[in-house]
$ cat my_file_27.cif   # mmCIF, C-alpha atoms and all ligand atoms
data_target
#
loop_
_atom_site.label_atom_id
_atom_site.label_comp_id
_atom_site.auth_asym_id
_atom_site.auth_seq_id
_atom_site.Cartn_x
_atom_site.Cartn_y
_atom_site.Cartn_z
CA MET C 29 26.26 -4.64 -6.88
CA PHE C 30 22.71 -5.70 -7.71
CA VAL C 31 19.39 -3.85 -7.62
CA ASP C 32 16.02 -5.45 -6.84
CA SER C 33 13.69 -3.27 -8.90
CA HIS C 34 10.45 -4.72 -7.49
CA CYS C 35 9.75 -6.15 -4.05
CA HIS C 36 7.03 -6.01 -1.41
CA LEU C 37 8.97 -5.46 1.80
CA SER C 38 5.88 -4.00 3.47
CA PHE C 39 4.17 -7.42 3.43
CA PRO C 40 4.19 -8.95 6.91
CA GLU C 41 6.35 -12.00 6.09
CA LEU C 42 9.19 -9.63 5.11
CA HIS C 43 8.43 -6.51 7.15
CA ASP C 44 8.58 -8.44 10.42
CA ARG C 45 12.24 -9.34 9.82
CA ILE C 46 13.47 -6.34 7.87
CA ASP C 47 16.82 -6.13 9.69
CA ARG C 48 17.62 -9.72 8.78
CA ILE C 49 16.61 -9.09 5.19
CA ARG C 50 18.85 -6.04 4.97
CA ALA C 51 21.76 -8.04 6.36
CA ASP C 52 21.12 -10.80 3.79
CA MET C 53 20.99 -8.18 1.03
CA ALA C 54 24.32 -6.71 2.08
CA ALA C 55 25.90 -10.16 2.19
CA ALA C 56 24.59 -10.89 -1.33
CA GLN C 57 25.78 -7.51 -2.67
CA VAL C 58 22.23 -6.36 -3.33
CA ASP C 59 22.72 -2.71 -2.53
CA ARG C 60 19.39 -1.16 -3.50
CA ALA C 61 15.67 -1.99 -3.77
CA LEU C 62 12.45 -0.42 -4.96
CA CYS C 63 9.58 -1.07 -2.53
CA ILE C 64 6.33 -1.44 -4.43
CA CYS C 65 2.98 -0.16 -3.18
CA THR C 66 -0.24 -2.12 -3.83
CA THR C 67 -2.90 -0.14 -1.91
CA LEU C 68 -3.29 3.40 -0.60
CA GLU C 69 -3.86 1.86 2.84
CA GLU C 70 -0.42 0.25 2.63
CA PHE C 71 1.36 3.34 1.28
CA PRO C 72 2.47 4.87 4.62
CA ARG C 73 4.29 1.65 5.52
CA VAL C 74 5.91 1.36 2.07
CA HIS C 75 6.92 5.02 2.17
CA ALA C 76 8.38 4.66 5.66
CA LEU C 77 10.67 1.91 4.35
CA ALA C 78 11.99 4.30 1.70
CA THR C 79 12.44 7.27 4.00
CA GLY C 80 13.93 5.14 6.77
CA HIS C 81 16.66 3.49 4.67
CA ASP C 82 18.94 5.34 2.27
CA ASN C 83 19.07 2.42 -0.20
CA PHE C 84 15.30 1.95 -0.52
CA TRP C 85 12.89 3.89 -2.72
CA CYS C 86 9.17 3.37 -3.25
CA SER C 87 6.22 3.66 -5.61
CA VAL C 88 2.60 4.66 -5.10
CA GLY C 89 -0.27 2.77 -6.68
CA VAL C 90 -3.09 0.28 -6.32
CA HIS C 91 -2.59 -3.22 -7.76
CA PRO C 92 -5.24 -4.33 -10.29
CA ASP C 93 -6.03 -7.44 -8.19
CA ASN C 94 -6.92 -5.45 -5.08
CA GLU C 95 -10.66 -5.09 -4.59
CA GLY C 96 -12.49 -3.68 -1.60
CA VAL C 97 -9.72 -1.13 -1.04
CA ALA C 98 -9.68 2.66 -1.46
CA GLU C 99 -10.04 3.52 -5.15
CA PRO C 100 -7.28 6.01 -6.01
CA THR C 101 -8.10 9.35 -7.60
CA LEU C 102 -5.60 11.25 -9.71
CA ALA C 103 -5.10 13.65 -6.78
CA ASP C 104 -4.45 10.76 -4.35
CA LEU C 105 -1.62 9.51 -6.53
CA VAL C 106 -0.14 12.88 -7.50
CA GLU C 107 -0.11 14.08 -3.89
CA ARG C 108 1.76 11.00 -2.63
CA ALA C 109 4.07 10.97 -5.67
CA ALA C 110 5.36 14.40 -4.62
CA LEU C 111 6.72 13.03 -1.34
CA PRO C 112 10.46 12.39 -1.02
CA ARG C 113 11.78 9.05 -2.34
CA VAL C 114 8.65 8.19 -4.33
CA VAL C 115 10.05 7.39 -7.78
CA ALA C 116 7.30 5.48 -9.62
CA ILE C 117 3.57 5.08 -10.15
CA GLY C 118 2.29 1.53 -9.61
CA GLU C 119 2.08 -1.24 -9.50
CA THR C 120 -0.78 -0.84 -11.87
CA GLY C 121 -2.10 -2.50 -14.99
CA LEU C 122 -4.58 -5.23 -15.84
CA ASP C 123 -5.04 -8.75 -14.54
CA TYR C 124 -7.69 -10.92 -16.14
CA PHE C 125 -6.41 -14.10 -14.48
CA ARG C 126 -8.87 -14.03 -11.60
CA LEU C 127 -12.12 -13.00 -13.23
CA ASN C 128 -14.17 -15.06 -10.76
CA GLY C 129 -16.89 -15.63 -13.32
CA ARG C 130 -17.02 -12.03 -14.53
CA SER C 131 -16.94 -10.99 -18.17
CA LEU C 132 -14.24 -8.67 -19.49
CA GLU C 133 -16.97 -6.06 -19.79
CA GLN C 134 -17.42 -6.26 -16.02
CA MET C 135 -13.72 -5.50 -15.50
CA ALA C 136 -14.12 -1.92 -16.75
CA TRP C 137 -13.28 -0.69 -13.23
CA GLN C 138 -9.80 -2.21 -13.59
CA ARG C 139 -9.21 -0.47 -16.91
CA GLU C 140 -10.38 2.85 -15.45
CA ARG C 141 -8.05 2.39 -12.45
CA PHE C 142 -5.16 1.77 -14.87
CA ARG C 143 -6.03 4.96 -16.80
CA VAL C 144 -5.96 6.99 -13.57
CA HIS C 145 -2.45 5.68 -12.88
CA ILE C 146 -1.27 6.56 -16.41
CA ARG C 147 -2.66 10.09 -15.98
CA ALA C 148 -0.75 10.34 -12.70
CA ALA C 149 2.44 9.22 -14.44
CA LEU C 150 2.00 11.92 -17.09
CA ALA C 151 1.15 14.57 -14.49
CA THR C 152 4.20 13.79 -12.36
CA GLY C 153 6.68 12.69 -15.03
CA LEU C 154 7.30 9.47 -13.08
CA PRO C 155 7.61 6.05 -14.74
CA LEU C 156 4.90 3.38 -14.47
CA VAL C 157 5.38 -0.04 -12.93
CA VAL C 158 3.06 -2.16 -15.06
CA HIS C 159 1.59 -5.51 -14.06
CA THR C 160 -0.16 -7.43 -16.84
CA ARG C 161 -1.55 -10.95 -16.75
CA ASN C 162 -3.83 -12.52 -19.36
CA ALA C 163 -4.51 -8.97 -20.53
CA SER C 164 -1.63 -7.86 -22.72
CA ASP C 165 -3.75 -6.58 -25.65
CA ASP C 166 -5.79 -4.27 -23.43
CA THR C 167 -2.72 -3.24 -21.42
CA LEU C 168 -0.87 -2.16 -24.56
CA ALA C 169 -3.92 -0.50 -26.10
CA ILE C 170 -4.64 1.57 -23.00
CA LEU C 171 -0.97 2.53 -22.62
CA ARG C 172 -0.93 3.72 -26.22
CA GLU C 173 -4.18 5.62 -25.94
CA GLU C 174 -3.81 7.17 -22.49
CA GLY C 175 -0.02 7.47 -22.52
CA GLN C 176 0.05 9.72 -25.61
CA GLY C 177 3.52 8.46 -26.43
CA ARG C 178 4.85 10.06 -23.25
CA ALA C 179 4.24 7.37 -20.62
CA ARG C 180 7.30 5.28 -19.85
CA GLY C 181 8.18 2.66 -17.29
CA VAL C 182 8.60 -1.06 -16.93
CA PHE C 183 6.61 -4.22 -17.58
CA HIS C 184 7.42 -5.99 -14.34
CA CYS C 185 7.73 -9.75 -13.73
CA PHE C 186 7.52 -10.29 -17.46
CA THR C 187 5.89 -13.57 -18.55
CA GLU C 188 4.43 -12.54 -21.92
CA THR C 189 5.40 -13.41 -25.49
CA ALA C 190 8.16 -11.97 -27.65
CA ALA C 191 5.53 -9.97 -29.55
CA VAL C 192 4.35 -8.29 -26.34
CA ALA C 193 7.95 -7.58 -25.34
CA GLU C 194 8.57 -6.01 -28.71
CA ALA C 195 5.46 -3.83 -28.40
CA ALA C 196 6.47 -2.74 -24.90
CA LEU C 197 9.99 -1.88 -26.07
CA GLU C 198 8.55 0.06 -28.98
CA LEU C 199 6.51 2.10 -26.50
CA GLY C 200 9.78 2.95 -24.75
CA PHE C 201 9.23 0.61 -21.81
CA HIS C 202 11.75 -1.57 -20.02
CA ILE C 203 11.23 -5.28 -19.33
CA SER C 204 11.86 -6.68 -15.88
CA PHE C 205 12.65 -10.35 -15.32
CA SER C 206 11.96 -12.17 -12.06
CA GLY C 207 12.85 -15.58 -10.63
CA ILE C 208 10.45 -17.13 -13.13
CA LEU C 209 13.35 -16.87 -15.60
CA THR C 210 15.11 -19.62 -13.63
CA PHE C 211 12.14 -22.02 -13.57
CA ARG C 212 12.67 -25.25 -15.47
CA ASN C 213 9.47 -24.89 -17.52
CA ALA C 214 10.19 -21.27 -18.57
CA GLU C 215 12.05 -21.96 -21.83
CA ASP C 216 9.71 -19.67 -23.81
CA LEU C 217 10.43 -16.81 -21.43
CA ARG C 218 14.17 -17.44 -21.65
CA GLU C 219 13.86 -17.13 -25.43
CA VAL C 220 12.14 -13.76 -24.96
CA ALA C 221 14.92 -12.65 -22.58
CA ARG C 222 17.55 -13.50 -25.18
CA GLN C 223 15.89 -10.99 -27.51
CA VAL C 224 15.41 -8.03 -25.14
CA PRO C 225 18.41 -5.67 -25.40
CA LEU C 226 20.35 -5.58 -22.15
CA ASP C 227 20.05 -1.80 -21.96
CA ARG C 228 16.27 -2.23 -21.52
CA CYS C 229 16.36 -5.07 -18.97
CA LEU C 230 15.71 -4.83 -15.25
CA ILE C 231 15.85 -7.60 -12.65
CA GLU C 232 13.56 -8.09 -9.67
CA THR C 233 12.41 -10.62 -7.12
CA ASP C 234 8.74 -9.63 -6.59
CA SER C 235 9.39 -10.85 -3.03
CA PRO C 236 7.83 -12.48 -1.10
CA TYR C 237 6.59 -14.41 -4.15
CA LEU C 238 8.33 -16.33 -6.93
CA ALA C 239 11.64 -17.26 -5.35
CA PRO C 240 14.15 -18.22 -8.04
CA ALA C 241 15.69 -21.68 -8.31
CA PRO C 242 17.12 -23.16 -6.08
CA TYR C 243 14.74 -21.53 -3.58
CA ARG C 244 11.54 -22.08 -5.58
CA GLY C 245 8.50 -22.39 -3.31
CA LYS C 246 10.20 -20.64 -0.37
CA THR C 247 9.65 -17.06 0.80
CA ASN C 248 11.52 -14.84 -1.62
CA SER C 249 13.85 -12.01 -0.59
CA PRO C 250 15.75 -9.26 -2.42
CA ALA C 251 18.94 -11.14 -1.49
CA TYR C 252 18.03 -13.70 -4.17
CA VAL C 253 18.06 -11.26 -7.10
CA PRO C 254 21.63 -12.28 -8.09
CA HIS C 255 20.15 -15.64 -9.17
CA VAL C 256 17.99 -13.79 -11.70
CA ALA C 257 21.05 -11.84 -12.86
CA ALA C 258 23.05 -15.05 -13.27
CA GLN C 259 20.31 -16.61 -15.40
CA LEU C 260 20.04 -13.49 -17.55
CA ALA C 261 23.83 -13.42 -17.93
CA ALA C 262 23.85 -17.02 -19.14
CA LEU C 263 21.18 -16.19 -21.74
CA LYS C 264 23.08 -13.11 -22.93
CA GLY C 265 26.50 -14.74 -22.99
CA ALA C 266 27.58 -11.95 -20.64
CA SER C 267 29.23 -12.01 -17.23
CA VAL C 268 27.11 -11.65 -14.10
CA ALA C 269 29.04 -8.44 -13.36
CA GLU C 270 28.06 -7.00 -16.74
CA VAL C 271 24.38 -7.80 -16.12
CA ALA C 272 24.58 -6.37 -12.61
CA TRP C 273 26.15 -3.19 -13.96
CA ALA C 274 23.71 -2.80 -16.88
CA THR C 275 20.54 -3.49 -14.89
CA SER C 276 21.69 -1.11 -12.15
CA ALA C 277 22.40 1.62 -14.71
CA ASN C 278 18.97 1.04 -16.32
CA PHE C 279 17.34 1.28 -12.89
CA GLU C 280 19.08 4.58 -12.17
CA ARG C 281 18.15 6.03 -15.54
CA LEU C 282 14.50 4.92 -15.47
CA PHE C 283 13.71 5.95 -11.88
CA GLY C 284 16.04 8.95 -11.67
CA ILE C 285 18.10 7.42 -8.87
CA PRO C 286 21.69 8.60 -8.44
CA HIS C 287 24.60 6.23 -8.81
CA PRO C 288 25.89 5.33 -5.34
CA PRO C 289 29.24 6.77 -4.24
CA THR C 290 32.13 4.71 -5.58
CA THR C 291 33.21 2.09 -3.08
CA GLU C 292 36.78 1.13 -2.31
CA SER C 293 36.54 -2.17 -4.16
CA GLU C 294 35.30 -0.40 -7.28
CA ASN C 295 38.25 1.95 -7.04
CA GLU C 296 40.54 -1.06 -6.89
CA ASN C 297 38.90 -2.46 -10.01
CA LEU C 298 39.52 0.81 -11.80
CA ALA C 299 43.16 1.01 -10.69
ZN ZN A 1 2.77 -7.63 -10.20
ZN ZN A 2 4.54 -6.95 -7.27
#

$ encode --input "my_file_27.cif" --output "structure tokens" --more "lines below"
Ligand SMILES: [Zn+2]
Ligand SMILES: [Zn+2]
Amino acid sequence: MFVDSHCHLSFPELHDRIDRIRADMAAAQVDRALCICTTLEEFPRVHALATGHDNFWCSVGVHPDNEGVAEPTLADLVERAALPRVVAIGETGLDYFRLNGRSLEQMAWQRERFRVHIRAALATGLPLVVHTRNASDDTLAILREEGQGRARGVFHCFTETAAVAEAALELGFHISFSGILTFRNAEDLREVARQVPLDRCLIETDSPYLAPAPYRGKTNSPAYVPHVAAQLAALKGASVAEVAWATSANFERLFGIPHPPTTESENENLA
């Protein structure tokens, strides 16, 4: 059984056909998913997914790319994090990819927003879902400074260097790999994945974006996460079942999610 540790099922292209997506997940043995929040405005819909389905959980946070949306205060995040089935703070972090002509100095608002999320993670004890793009130095520096050695979580949709992975692992973070791992031009990332210990790896789709090969360019879905697992297994010289088991166990440990009741087929495997 596979877990999609990061997807955006509240986005219209997925939300409008959620029953179909859940059926596809079941057929692909993807038994659980973490629904990621990107604005406070969106939170009620994300949260309803988690409370309405016993195999979905959710996060609360405001994505660094989102401008012109409600700016979250510490209280906004802490209050929502206390609701049932909210298991993470994020996605949050820094993204200097779309500066739109601004200097890094002018992106101070993004760094402040990230700090508010880290404070919320410390206040609630929940892990952070970190998004970083073209900003790894600042992301790591702020995590070190604001996190006081206590913040934990995951660097999601990892596309950074081995040095950044090492620094994230040293901070106690997990590394999550997406469909990018299957892209033909991602040899550098595959080399990073070979080096990250399996007990610190997660897998995700980041649906509706970044569909893995052979679906690249199409709308992504949690049902495709086994393709990420298969790629990771090939890199680790492990079986897909081992990667599925390890990434599910990591997911449960990091987000405090209970192991599902043993199914009949698992019992057969044990017998
Ligand atoms: Zn992201
Ligand atoms: Zn995302």

$ residues_around --input "my_file_27.cif" --residues "Pro236 (chain C)" --least-positions-apart "5" --cutoff "7 Å" --atoms "only C-alpha atoms" --output "PyMOL selection string"
chain C and resi 36+42+247-249

$ residues_near_ligand --input "my_file_27.cif" --ligand "ligand ZN 1 (chain A)" --cutoff "8 Å" --atoms "only C-alpha atoms and all ligand atoms" --output "PDB file with C-alpha atoms, in the frame of the given file"
ATOM      1  CA  HIS C  91      -2.590  -3.220  -7.760  1.00  0.00           C
ATOM      2  CA  GLU C 119       2.080  -1.240  -9.500  1.00  0.00           C
ATOM      3  CA  THR C 120      -0.780  -0.840 -11.870  1.00  0.00           C
ATOM      4  CA  VAL C 158       3.060  -2.160 -15.060  1.00  0.00           C
ATOM      5  CA  HIS C 159       1.590  -5.510 -14.060  1.00  0.00           C
ATOM      6  CA  THR C 160      -0.160  -7.430 -16.840  1.00  0.00           C
ATOM      7  CA  HIS C 184       7.420  -5.990 -14.340  1.00  0.00           C
ATOM      8  CA  CYS C 185       7.730  -9.750 -13.730  1.00  0.00           C
ATOM      9  CA  ASP C 234       8.740  -9.630  -6.590  1.00  0.00           C
TER      10      ASP C 234
END

$ closest_residue --input "my_file_27.cif" --among "C:Ala274, C:Val90, C:Ala51, C:Leu263" --to "ligand ZN 2 (chain A)" --atoms "all atoms listed in the file"
C:Val90

$ atom_distance --input "my_file_27.cif" --atom1 "CA of Asn83 (chain C)" --atom2 "CA of Leu282 (chain C)"
16.1 Å

$ atom_distance --input "my_file_27.cif" --atom1 "CA of Ile146 (chain C)" --atom2 "CA of Arg108 (chain C)"
14.8 Å

$ residues_around --input "my_file_27.cif" --residues "region 206-220 of chain C" --least-positions-apart "4" --cutoff "9 Å" --atoms "all atoms listed in the file" --output "list in words"
His34, His184, Cys185, Phe186, Thr187, Glu188, Thr189, Ala190, Ala191, Ala193, Val224, Leu230, Ile231, Glu232, Thr233, Asp234, Leu238, Ala239, Pro240, Ala241, Pro242, Arg244, Tyr252, Val253, His255, Val256, Gln259, Leu260 and Leu263 of chain C

$ atom_distance --input "my_file_27.cif" --atom1 "CA of His81 (chain C)" --atom2 "CA of Val97 (chain C)"
27.4 Å

$ decode --input "my_file_27.cif" --residues "region 59-71 of chain C" --atoms "all heavy atoms" --output "mmCIF file, in the first residue's frame"
data_model
loop_
_atom_site.group_PDB
_atom_site.id
_atom_site.type_symbol
_atom_site.label_atom_id
_atom_site.label_comp_id
_atom_site.auth_asym_id
_atom_site.auth_seq_id
_atom_site.Cartn_x
_atom_site.Cartn_y
_atom_site.Cartn_z
ATOM 1 N N ASP C 59 -3.431 3.918 -0.524
ATOM 2 C CA ASP C 59 -4.484 3.855 0.485
ATOM 3 C C ASP C 59 -4.625 5.125 1.315
ATOM 4 O O ASP C 59 -5.621 5.276 2.011
ATOM 5 C CB ASP C 59 -4.336 2.622 1.377
ATOM 6 C CG ASP C 59 -3.085 2.642 2.229
ATOM 7 O OD1 ASP C 59 -2.150 3.411 1.907
ATOM 8 O OD2 ASP C 59 -3.031 1.894 3.210
ATOM 9 N N ARG C 60 -3.636 6.035 1.239
ATOM 10 C CA ARG C 60 -3.756 7.247 2.048
ATOM 11 C C ARG C 60 -3.127 8.448 1.345
ATOM 12 O O ARG C 60 -2.228 8.286 0.519
ATOM 13 C CB ARG C 60 -3.067 7.040 3.409
ATOM 14 C CG ARG C 60 -3.824 6.051 4.282
ATOM 15 C CD ARG C 60 -3.092 5.748 5.557
ATOM 16 N NE ARG C 60 -1.917 4.927 5.305
ATOM 17 C CZ ARG C 60 -1.055 4.573 6.246
ATOM 18 N NH1 ARG C 60 -1.211 4.974 7.485
ATOM 19 N NH2 ARG C 60 -0.010 3.820 5.954
ATOM 20 N N ALA C 61 -3.606 9.664 1.717
ATOM 21 C CA ALA C 61 -3.051 10.880 1.114
ATOM 22 C C ALA C 61 -3.127 12.032 2.098
ATOM 23 O O ALA C 61 -4.041 12.103 2.932
ATOM 24 C CB ALA C 61 -3.813 11.240 -0.165
ATOM 25 N N LEU C 62 -2.143 12.916 1.984
ATOM 26 C CA LEU C 62 -2.129 14.151 2.770
ATOM 27 C C LEU C 62 -2.490 15.305 1.837
ATOM 28 O O LEU C 62 -1.780 15.574 0.859
ATOM 29 C CB LEU C 62 -0.743 14.354 3.391
ATOM 30 C CG LEU C 62 -0.545 15.602 4.257
ATOM 31 C CD1 LEU C 62 -1.593 15.699 5.362
ATOM 32 C CD2 LEU C 62 0.854 15.582 4.887
ATOM 33 N N CYS C 63 -3.611 15.957 2.146
ATOM 34 C CA CYS C 63 -4.117 17.066 1.323
ATOM 35 C C CYS C 63 -3.481 18.361 1.824
ATOM 36 O O CYS C 63 -3.627 18.719 2.992
ATOM 37 C CB CYS C 63 -5.635 17.155 1.431
ATOM 38 S SG CYS C 63 -6.463 15.651 0.889
ATOM 39 N N ILE C 64 -2.795 19.042 0.916
ATOM 40 C CA ILE C 64 -1.990 20.194 1.307
ATOM 41 C C ILE C 64 -2.736 21.497 1.050
ATOM 42 O O ILE C 64 -3.315 21.704 -0.015
ATOM 43 C CB ILE C 64 -0.656 20.182 0.524
ATOM 44 C CG1 ILE C 64 0.129 18.904 0.818
ATOM 45 C CG2 ILE C 64 0.165 21.426 0.843
ATOM 46 C CD1 ILE C 64 0.661 18.766 2.237
ATOM 47 N N CYS C 65 -2.661 22.374 2.047
ATOM 48 C CA CYS C 65 -3.326 23.683 2.007
ATOM 49 C C CYS C 65 -2.345 24.734 1.476
ATOM 50 O O CYS C 65 -1.162 24.711 1.817
ATOM 51 C CB CYS C 65 -3.756 24.023 3.429
ATOM 52 S SG CYS C 65 -4.558 25.610 3.630
ATOM 53 N N THR C 66 -2.851 25.674 0.658
ATOM 54 C CA THR C 66 -1.983 26.728 0.120
ATOM 55 C C THR C 66 -2.473 28.142 0.412
ATOM 56 O O THR C 66 -1.748 29.097 0.144
ATOM 57 C CB THR C 66 -1.800 26.583 -1.407
ATOM 58 O OG1 THR C 66 -3.081 26.769 -2.027
ATOM 59 C CG2 THR C 66 -1.227 25.226 -1.785
ATOM 60 N N THR C 67 -3.708 28.284 0.909
ATOM 61 C CA THR C 67 -4.202 29.598 1.359
ATOM 62 C C THR C 67 -5.170 29.381 2.520
ATOM 63 O O THR C 67 -5.777 28.303 2.628
ATOM 64 C CB THR C 67 -5.000 30.357 0.258
ATOM 65 O OG1 THR C 67 -6.161 29.584 -0.089
ATOM 66 C CG2 THR C 67 -4.164 30.624 -0.975
ATOM 67 N N LEU C 68 -5.363 30.394 3.331
ATOM 68 C CA LEU C 68 -6.381 30.291 4.392
ATOM 69 C C LEU C 68 -7.776 30.235 3.765
ATOM 70 O O LEU C 68 -8.675 29.576 4.292
ATOM 71 C CB LEU C 68 -6.290 31.487 5.347
ATOM 72 C CG LEU C 68 -5.042 31.564 6.227
ATOM 73 C CD1 LEU C 68 -5.140 32.779 7.151
ATOM 74 C CD2 LEU C 68 -4.851 30.279 7.042
ATOM 75 N N GLU C 69 -7.941 30.917 2.625
ATOM 76 C CA GLU C 69 -9.238 30.904 1.944
ATOM 77 C C GLU C 69 -9.613 29.473 1.529
ATOM 78 O O GLU C 69 -10.782 29.094 1.542
ATOM 79 C CB GLU C 69 -9.192 31.796 0.695
ATOM 80 C CG GLU C 69 -9.116 33.299 0.985
ATOM 81 C CD GLU C 69 -7.680 33.802 1.231
ATOM 82 O OE1 GLU C 69 -6.771 32.962 1.441
ATOM 83 O OE2 GLU C 69 -7.481 35.031 1.216
ATOM 84 N N GLU C 70 -8.601 28.712 1.138
ATOM 85 C CA GLU C 70 -8.825 27.351 0.648
ATOM 86 C C GLU C 70 -8.990 26.351 1.796
ATOM 87 O O GLU C 70 -9.523 25.247 1.596
ATOM 88 C CB GLU C 70 -7.596 26.973 -0.201
ATOM 89 C CG GLU C 70 -7.524 25.570 -0.704
ATOM 90 C CD GLU C 70 -6.096 25.195 -1.140
ATOM 91 O OE1 GLU C 70 -5.106 25.707 -0.564
ATOM 92 O OE2 GLU C 70 -5.994 24.385 -2.049
ATOM 93 N N PHE C 71 -8.535 26.713 2.985
ATOM 94 C CA PHE C 71 -8.453 25.740 4.080
ATOM 95 C C PHE C 71 -9.760 24.981 4.346
ATOM 96 O O PHE C 71 -9.727 23.752 4.516
ATOM 97 C CB PHE C 71 -7.933 26.385 5.371
ATOM 98 C CG PHE C 71 -7.925 25.425 6.521
ATOM 99 C CD1 PHE C 71 -6.953 24.431 6.618
ATOM 100 C CD2 PHE C 71 -8.926 25.461 7.489
ATOM 101 C CE1 PHE C 71 -6.970 23.503 7.645
ATOM 102 C CE2 PHE C 71 -8.960 24.535 8.515
ATOM 103 C CZ PHE C 71 -7.969 23.559 8.604
#
